[in-house]
Structure formats: structure tokens, C-alpha cells
Amino acid sequence: MRSAIARGLFSASLGALLAASPAVAQDASKGFQFLYGSAEGAAISRQAFNGVVSLAMARKAQREAGLPLVQTVLAPGSTLENPAFEGCGEKPLAAVFDVDETMLLNVGFEYWDAGRPAGSTFSFKAWENWEKTGFDKVAAVPGALEAAANLRAAGIAVIYNTNRTSAHAEETARAIEFAGFPKPVPGQDLFTDGDGSGHKDLRRAAIASTYCVVAMGGDQLGDFSDLFSPKPMDIHARRATTAAPAIAALWGQGWFVLPNPVYGKGVVGDLDTVFPDTALRWTYSEGKEQ
Ligand SMILES: [Mg+2]
């Protein structure tokens, strides 16, 4: 189960199954096309990584100018309405990234998952096996290798914080290496889920105790804070959490989101749920043009 949490709990296929909507199932296949096949998806990823590098370089210049920096990791006691950020002091600079669909594309697993019969249930057991055996069937997210290399060249550490299980930390390190990154060392620059909670705040706090985290990247909101959707909630209420004033200013200015239309809490909801405002609905019948 913990490894299912690693992926954000739901595949698009599972979300579609729960929604029981053929239209959503059709959209799920569009997610695969976009993330693993499209130029546009690749461009969005590069856009995010270009932003990470630009911001990190700006923070490095501020450090060199003697200006104080603050963490992009939320301080303990923060809320989304009233977030707080601790000062960095003289801690070395770092950028923190999620792994799956942030730095790594799980090409092999998603090929298998995309080909499952429509309506079949997502296999958590399959994902467990994928973590153990799929390390040579992954690819880097577009732009990730260049960003990691540029950050390291500037003396900015690259740290991975993933909800893949600690039992498979070595295999995860091998997957990261296979994709072209320097192989990370568990406990040093690779932090995994040791308790099956799927929560990252404790690991983020541990990283921030050592580093000045100037940027974070992820494809799920939990890659930035566990305060987002701590329990199942209405998708539009969840969507609104990104707009809390102090949080809204972070997107692209410390927190960088990678695209993932394939799985996760962002890929749920049937037509009525996604389009609740009946006043905004438009219909059209072919052959009955006015
Ligand atoms: Mg991810």
C-alpha cells in the first residue's frame, strides 16, 4: 500500500473506475499521450526546470551578495492560510525533488498500466514489483538531467524526496542512475518512505535542518506540503488551496509543478464533479445549428 501512496494513491485508470464514467476513461488515455508522448508535455517539464534553475541561480547570487535567504520548506506550525518560512542562516543551498513523474518517467510501468483492460483495478502489487525490478525501464523527465547538472555545477545540492518505500531505496537509486543522474545515496541525498505514511513533511524538515532549500519540484501537491488535502476532499476545495495568497505566490517562485495528467489526486472526478456549474455548461447537437 505504501508504494501505491508513492504514486499519489490513484492511477488515472483507478480514478476512472471509481468515477464510472466512460468520458473520464477516455480522458485517461489522453493523459498517457500527453505525458509520455507529446511535445507539449515535454515543453511544460522543461519550462518548470528552467524556472528551477533560474530561481536557484538568483538565490545563489543573493547569498553571494550577503543577503539573507529563507527556506521554501514550510516551517513547523504553518498553515496554508498562514505559512511561515525559517531563515537559512549559512546552510548550503539545495533543491529538493520528488522522483516519480518529477525526475523519472516510469515508462515501462505506464506502458503496462496504459494497456490494462478498461475498468480493471489498478494493481498495487504490480507497483511494488515495479519498484523492485523496473529500474532499467525508466527515463529522465525532459529537462531534469540538464537542470540537475546545472544546479550541481553551481554548487547547489540535488536532493530526492520520494514516497517509494525505504525497502526499495537501493533499486530506486539504481533507477535514478539508469536515467542518467549521478546515483544518489539513501539517507544522504535520497529520502524514502520508511513508515508507509506517504507523508513527506518530516523528511522535508530533516533536509531543511541541513540545507537551505531554495526550490522544490514535484508533480503532486504533497511534494510541497502535507497540508494539501490531508484527507479526501472536494476537488474544487482542494483546487482552491493553491490560491491561498501566500501560497499562490510560491508557484514558479520556489515551488515548481511538473505535469502529470496520468495519475494522482489531481486525476479524479466524473463530468458532473469536474463541471459543477450548470450555468457554464454548453451543449450542441450536430445538424441543429442555429
Ligand atoms: Mg511524483
# chains A, B, ... in the order shown; residues from 1 in each chain; ligands from 1
>>> residues_around(residues="region 63-75 of chain A", least_positions_apart="4", cutoff="9 Å", atoms="only C-alpha atoms", output="VMD selection string")
chain A and resid 58 to 59 79 83 to 90 201 204 to 205 208 211 to 216 224 to 225 250 254 to 255
>>> select_by_dssp(residues="region 61-185 of chain A", states="strand (DSSP E)", output="list in words")
Leu93, Ala94, Ala95, Val96, Phe97, Leu104, Leu105, Ala139, Ala140, Ala157, Val158, Ile159, Tyr160, Asn161, Thr162, Asn163, Arg164 and Thr165 of chain A
>>> closest_atom_pairs(of="chain A", to="ligand 1", cutoff="12 Å", atoms="only C-alpha atoms and all ligand atoms", output="JSON lines")
{"residue": "A:Ser3", "atom": "CA", "partner": "ligand 1", "partner_atom_place_in_ligand_line": "1 (Mg)", "distance": 11.4}
{"residue": "A:Ala4", "atom": "CA", "partner": "ligand 1", "partner_atom_place_in_ligand_line": "1 (Mg)", "distance": 11.2}
{"residue": "A:Ile5", "atom": "CA", "partner": "ligand 1", "partner_atom_place_in_ligand_line": "1 (Mg)", "distance": 9.9}
{"residue": "A:Ala6", "atom": "CA", "partner": "ligand 1", "partner_atom_place_in_ligand_line": "1 (Mg)", "distance": 7.2}
{"residue": "A:Arg7", "atom": "CA", "partner": "ligand 1", "partner_atom_place_in_ligand_line": "1 (Mg)", "distance": 5.9}
{"residue": "A:Gly8", "atom": "CA", "partner": "ligand 1", "partner_atom_place_in_ligand_line": "1 (Mg)", "distance": 7.1}
{"residue": "A:Leu9", "atom": "CA", "partner": "ligand 1", "partner_atom_place_in_ligand_line": "1 (Mg)", "distance": 10.6}
{"residue": "A:Phe10", "atom": "CA", "partner": "ligand 1", "partner_atom_place_in_ligand_line": "1 (Mg)", "distance": 11.6}
{"residue": "A:Ser11", "atom": "CA", "partner": "ligand 1", "partner_atom_place_in_ligand_line": "1 (Mg)", "distance": 11.7}
{"residue": "A:Phe97", "atom": "CA", "partner": "ligand 1", "partner_atom_place_in_ligand_line": "1 (Mg)", "distance": 9.0}
{"residue": "A:Asp98", "atom": "CA", "partner": "ligand 1", "partner_atom_place_in_ligand_line": "1 (Mg)", "distance": 5.6}
{"residue": "A:Val99", "atom": "CA", "partner": "ligand 1", "partner_atom_place_in_ligand_line": "1 (Mg)", "distance": 5.7}
{"residue": "A:Asp100", "atom": "CA", "partner": "ligand 1", "partner_atom_place_in_ligand_line": "1 (Mg)", "distance": 4.0}
{"residue": "A:Glu101", "atom": "CA", "partner": "ligand 1", "partner_atom_place_in_ligand_line": "1 (Mg)", "distance": 4.8}
{"residue": "A:Thr102", "atom": "CA", "partner": "ligand 1", "partner_atom_place_in_ligand_line": "1 (Mg)", "distance": 5.5}
{"residue": "A:Met103", "atom": "CA", "partner": "ligand 1", "partner_atom_place_in_ligand_line": "1 (Mg)", "distance": 8.3}
{"residue": "A:Leu104", "atom": "CA", "partner": "ligand 1", "partner_atom_place_in_ligand_line": "1 (Mg)", "distance": 8.5}
{"residue": "A:Leu105", "atom": "CA", "partner": "ligand 1", "partner_atom_place_in_ligand_line": "1 (Mg)", "distance": 9.3}
{"residue": "A:Asn106", "atom": "CA", "partner": "ligand 1", "partner_atom_place_in_ligand_line": "1 (Mg)", "distance": 10.0}
{"residue": "A:Val141", "atom": "CA", "partner": "ligand 1", "partner_atom_place_in_ligand_line": "1 (Mg)", "distance": 11.1}
{"residue": "A:Tyr160", "atom": "CA", "partner": "ligand 1", "partner_atom_place_in_ligand_line": "1 (Mg)", "distance": 10.9}
{"residue": "A:Asn161", "atom": "CA", "partner": "ligand 1", "partner_atom_place_in_ligand_line": "1 (Mg)", "distance": 9.6}
{"residue": "A:Thr162", "atom": "CA", "partner": "ligand 1", "partner_atom_place_in_ligand_line": "1 (Mg)", "distance": 7.4}
{"residue": "A:Asn163", "atom": "CA", "partner": "ligand 1", "partner_atom_place_in_ligand_line": "1 (Mg)", "distance": 8.2}
{"residue": "A:Arg164", "atom": "CA", "partner": "ligand 1", "partner_atom_place_in_ligand_line": "1 (Mg)", "distance": 9.5}
{"residue": "A:Gly198", "atom": "CA", "partner": "ligand 1", "partner_atom_place_in_ligand_line": "1 (Mg)", "distance": 11.4}
{"residue": "A:Lys200", "atom": "CA", "partner": "ligand 1", "partner_atom_place_in_ligand_line": "1 (Mg)", "distance": 11.8}
{"residue": "A:Gly217", "atom": "CA", "partner": "ligand 1", "partner_atom_place_in_ligand_line": "1 (Mg)", "distance": 9.3}
{"residue": "A:Gly218", "atom": "CA", "partner": "ligand 1", "partner_atom_place_in_ligand_line": "1 (Mg)", "distance": 6.0}
{"residue": "A:Asp219", "atom": "CA", "partner": "ligand 1", "partner_atom_place_in_ligand_line": "1 (Mg)", "distance": 5.0}
{"residue": "A:Gln220", "atom": "CA", "partner": "ligand 1", "partner_atom_place_in_ligand_line": "1 (Mg)", "distance": 5.9}
{"residue": "A:Leu221", "atom": "CA", "partner": "ligand 1", "partner_atom_place_in_ligand_line": "1 (Mg)", "distance": 9.3}
{"residue": "A:Gly222", "atom": "CA", "partner": "ligand 1", "partner_atom_place_in_ligand_line": "1 (Mg)", "distance": 8.9}
{"residue": "A:Asp223", "atom": "CA", "partner": "ligand 1", "partner_atom_place_in_ligand_line": "1 (Mg)", "distance": 7.4}
{"residue": "A:Phe224", "atom": "CA", "partner": "ligand 1", "partner_atom_place_in_ligand_line": "1 (Mg)", "distance": 11.0}
{"residue": "A:Val257", "atom": "CA", "partner": "ligand 1", "partner_atom_place_in_ligand_line": "1 (Mg)", "distance": 10.0}
{"residue": "A:Leu258", "atom": "CA", "partner": "ligand 1", "partner_atom_place_in_ligand_line": "1 (Mg)", "distance": 8.7}
{"residue": "A:Pro259", "atom": "CA", "partner": "ligand 1", "partner_atom_place_in_ligand_line": "1 (Mg)", "distance": 9.7}
{"residue": "A:Asn260", "atom": "CA", "partner": "ligand 1", "partner_atom_place_in_ligand_line": "1 (Mg)", "distance": 8.2}
{"residue": "A:Pro261", "atom": "CA", "partner": "ligand 1", "partner_atom_place_in_ligand_line": "1 (Mg)", "distance": 11.4}
{"residue": "A:Val262", "atom": "CA", "partner": "ligand 1", "partner_atom_place_in_ligand_line": "1 (Mg)", "distance": 10.8}
{"residue": "A:Tyr263", "atom": "CA", "partner": "ligand 1", "partner_atom_place_in_ligand_line": "1 (Mg)", "distance": 9.2}
{"residue": "A:Gly264", "atom": "CA", "partner": "ligand 1", "partner_atom_place_in_ligand_line": "1 (Mg)", "distance": 8.4}
{"residue": "A:Lys265", "atom": "CA", "partner": "ligand 1", "partner_atom_place_in_ligand_line": "1 (Mg)", "distance": 11.0}
{"residue": "A:Gly266", "atom": "CA", "partner": "ligand 1", "partner_atom_place_in_ligand_line": "1 (Mg)", "distance": 11.7}
>>> residues_around(residues="region 234-248 of chain A", least_positions_apart="4", cutoff="8 Å", atoms="only C-alpha atoms", output="PDB file with N, CA and C atoms, in the first residue's frame")
ATOM      1  N   LEU A  80      -1.832  26.639   5.474  1.00  0.00           N
ATOM      2  CA  LEU A  80      -1.834  27.181   4.116  1.00  0.00           C
ATOM      3  C   LEU A  80      -2.272  28.641   4.122  1.00  0.00           C
ATOM      4  N   GLU A  81      -3.112  29.009   5.098  1.00  0.00           N
ATOM      5  CA  GLU A  81      -3.567  30.391   5.187  1.00  0.00           C
ATOM      6  C   GLU A  81      -2.501  31.288   5.812  1.00  0.00           C
ATOM      7  N   ASN A  82      -1.665  30.700   6.646  1.00  0.00           N
ATOM      8  CA  ASN A  82      -0.638  31.476   7.343  1.00  0.00           C
ATOM      9  C   ASN A  82       0.685  30.719   7.341  1.00  0.00           C
ATOM     10  N   PRO A  83       1.308  30.611   6.174  1.00  0.00           N
ATOM     11  CA  PRO A  83       2.565  29.861   6.095  1.00  0.00           C
ATOM     12  C   PRO A  83       3.732  30.673   6.656  1.00  0.00           C
ATOM     13  N   PHE A 228      -1.698  19.959   2.090  1.00  0.00           N
ATOM     14  CA  PHE A 228      -2.659  19.867   0.995  1.00  0.00           C
ATOM     15  C   PHE A 228      -3.435  18.560   1.109  1.00  0.00           C
ATOM     16  N   SER A 229      -4.729  18.663   1.088  1.00  0.00           N
ATOM     17  CA  SER A 229      -5.638  17.513   1.106  1.00  0.00           C
ATOM     18  C   SER A 229      -5.177  16.408   2.044  1.00  0.00           C
ATOM     19  N   GLY A 266      -5.018  14.578  -8.538  1.00  0.00           N
ATOM     20  CA  GLY A 266      -5.496  15.567  -9.489  1.00  0.00           C
ATOM     21  C   GLY A 266      -6.246  14.978 -10.661  1.00  0.00           C
ATOM     22  N   VAL A 268      -9.091  12.840 -10.841  1.00  0.00           N
ATOM     23  CA  VAL A 268     -10.309  12.188 -10.360  1.00  0.00           C
ATOM     24  C   VAL A 268     -11.506  13.067 -10.713  1.00  0.00           C
ATOM     25  N   GLY A 269     -12.694  12.480 -10.603  1.00  0.00           N
ATOM     26  CA  GLY A 269     -13.918  13.238 -10.803  1.00  0.00           C
ATOM     27  C   GLY A 269     -14.611  12.915 -12.111  1.00  0.00           C
ATOM     28  N   THR A 273     -18.862  16.280 -11.519  1.00  0.00           N
ATOM     29  CA  THR A 273     -17.993  16.784 -10.452  1.00  0.00           C
ATOM     30  C   THR A 273     -17.018  17.817 -10.993  1.00  0.00           C
ATOM     31  N   VAL A 274     -16.453  17.527 -12.148  1.00  0.00           N
ATOM     32  CA  VAL A 274     -15.457  18.446 -12.711  1.00  0.00           C
ATOM     33  C   VAL A 274     -16.122  19.717 -13.233  1.00  0.00           C
TER      34      VAL A 274
END
>>> closest_residue(among="A:Ala95, A:Ala279, A:Ala167, A:Leu190", to="Gly51 (chain A)", atoms="only C-alpha atoms")
A:Ala95
>>> residues_around(residues="Phe32 (chain A)", least_positions_apart="3", cutoff="9 Å", atoms="only C-alpha atoms", output="mmCIF file with N, CA and C atoms, in the first residue's frame")
data_model
loop_
_atom_site.group_PDB
_atom_site.id
_atom_site.type_symbol
_atom_site.label_atom_id
_atom_site.label_comp_id
_atom_site.auth_asym_id
_atom_site.auth_seq_id
_atom_site.Cartn_x
_atom_site.Cartn_y
_atom_site.Cartn_z
ATOM 1 N N ALA A 28 -8.435 9.505 -19.606
ATOM 2 C CA ALA A 28 -7.250 8.897 -19.020
ATOM 3 C C ALA A 28 -6.230 8.554 -20.093
ATOM 4 N N SER A 29 -6.692 8.043 -21.232
ATOM 5 C CA SER A 29 -5.746 7.708 -22.289
ATOM 6 C C SER A 29 -5.086 8.972 -22.828
ATOM 7 N N LEU A 35 1.633 12.983 -21.404
ATOM 8 C CA LEU A 35 2.831 12.965 -20.552
ATOM 9 C C LEU A 35 3.990 12.209 -21.176
ATOM 10 N N TYR A 36 3.700 11.104 -21.851
ATOM 11 C CA TYR A 36 4.788 10.258 -22.349
ATOM 12 C C TYR A 36 5.047 10.412 -23.850
ATOM 13 N N GLY A 37 4.146 11.102 -24.547
ATOM 14 C CA GLY A 37 4.314 11.191 -25.984
ATOM 15 C C GLY A 37 4.359 12.577 -26.580
ATOM 16 N N GLU A 110 4.129 2.468 -16.932
ATOM 17 C CA GLU A 110 2.959 3.137 -17.501
ATOM 18 C C GLU A 110 2.549 2.516 -18.832
ATOM 19 N N TYR A 111 3.519 1.969 -19.564
ATOM 20 C CA TYR A 111 3.157 1.219 -20.776
ATOM 21 C C TYR A 111 2.265 0.050 -20.398
ATOM 22 N N ALA A 114 -1.128 1.430 -19.003
ATOM 23 C CA ALA A 114 -1.990 2.000 -20.038
ATOM 24 C C ALA A 114 -2.667 0.907 -20.864
ATOM 25 N N ASN A 260 1.401 16.094 -14.603
ATOM 26 C CA ASN A 260 1.035 14.673 -14.509
ATOM 27 C C ASN A 260 -0.461 14.496 -14.696
ATOM 28 N N PRO A 261 -0.897 14.356 -15.927
ATOM 29 C CA PRO A 261 -2.321 14.099 -16.184
ATOM 30 C C PRO A 261 -2.651 12.610 -16.175
ATOM 31 N N VAL A 262 -1.736 11.769 -15.689
ATOM 32 C CA VAL A 262 -1.925 10.308 -15.763
ATOM 33 C C VAL A 262 -2.468 9.732 -14.471
#
>>> atom_distance(atom1="CA of Phe178 (chain A)", atom2="CA of Ser54 (chain A)")
26.3 Å
>>> select_by_dssp(residues="region 84-244 of chain A", states="helix (DSSP H, G or I)", output="compact mmCIF listing (two decimals) with C-alpha atoms, in the first residue's frame")
# COMPACT_ATOMS: atom_id res chain seq x y z
CA VAL A 107 7.93 4.45 -18.94
CA GLY A 108 7.84 0.67 -18.51
CA PHE A 109 5.20 0.63 -15.81
CA GLU A 110 2.96 3.14 -17.50
CA TYR A 111 3.16 1.22 -20.78
CA TRP A 112 1.88 -1.81 -18.89
CA ASP A 113 -0.69 0.22 -16.94
CA ALA A 114 -1.99 2.00 -20.04
CA PHE A 124 -0.73 -2.06 -6.06
CA LYS A 125 1.15 -5.36 -6.15
CA ALA A 126 2.33 -4.58 -9.66
CA TRP A 127 3.69 -1.24 -8.48
CA GLU A 128 5.57 -2.97 -5.64
CA ASN A 129 7.16 -5.24 -8.20
CA TRP A 130 7.89 -2.31 -10.46
CA GLU A 131 9.85 -0.57 -7.68
CA LYS A 132 11.94 -3.71 -7.29
CA THR A 133 12.52 -4.69 -10.92
CA ALA A 144 15.60 17.15 -15.47
CA LEU A 145 19.11 16.00 -16.37
CA GLU A 146 20.15 19.43 -17.57
CA ALA A 147 18.66 21.12 -14.51
CA ALA A 148 20.33 18.72 -12.08
CA ALA A 149 23.68 19.17 -13.83
CA ASN A 150 23.36 22.95 -13.83
CA LEU A 151 22.41 23.04 -10.17
CA ARG A 152 25.32 20.82 -9.18
CA ALA A 153 27.74 22.85 -11.30
CA SER A 166 12.69 2.53 2.01
CA ALA A 167 12.77 -1.23 1.42
CA HIS A 168 13.44 -0.45 -2.25
CA ALA A 169 15.78 2.51 -1.73
CA GLU A 170 18.69 0.81 -3.49
CA GLU A 171 16.54 -0.10 -6.51
CA THR A 172 15.24 3.47 -6.62
CA ALA A 173 18.81 4.78 -6.55
CA ARG A 174 19.62 2.45 -9.45
CA ALA A 175 16.62 3.73 -11.40
CA ILE A 176 17.75 7.31 -10.90
CA GLU A 177 21.23 6.33 -12.07
CA PHE A 178 19.86 4.45 -15.10
CA ASP A 201 6.94 16.83 5.87
CA LEU A 202 9.23 15.08 8.37
CA ARG A 203 11.73 14.30 5.63
CA ARG A 204 11.46 17.86 4.32
CA ALA A 205 12.17 19.16 7.83
CA ALA A 206 15.22 16.89 8.10
CA ILE A 207 16.55 18.15 4.78
CA ALA A 208 15.91 21.78 5.77
CA SER A 209 17.82 21.23 9.02
CA THR A 210 20.92 20.66 6.89
CA LEU A 221 0.87 18.83 -4.09
CA GLY A 222 2.17 16.51 -1.38
CA ASP A 223 5.61 17.10 -2.86
CA ILE A 235 -11.80 18.53 -5.76
CA HIS A 236 -12.72 22.20 -6.11
CA ALA A 237 -11.98 22.89 -2.43
CA ARG A 238 -8.64 21.17 -2.99
CA ARG A 239 -8.06 23.24 -6.11
CA ALA A 240 -8.73 26.39 -4.07
CA THR A 241 -5.93 25.53 -1.62
CA THR A 242 -3.44 26.55 -4.29
CA ALA A 243 -4.84 30.09 -4.23
>>> residues_around(residues="Gly143 (chain A)", least_positions_apart="4", cutoff="10 Å", atoms="only C-alpha atoms", output="list in words")
Ala42, Ala43, Ile44, Ser45, Arg46, Gln47, Ala48, Phe49, Asn50, Met103, Ala147 and Ala148 of chain A
>>> atom_distance(atom1="CA of Gly180 (chain A)", atom2="CA of Pro92 (chain A)")
24.3 Å
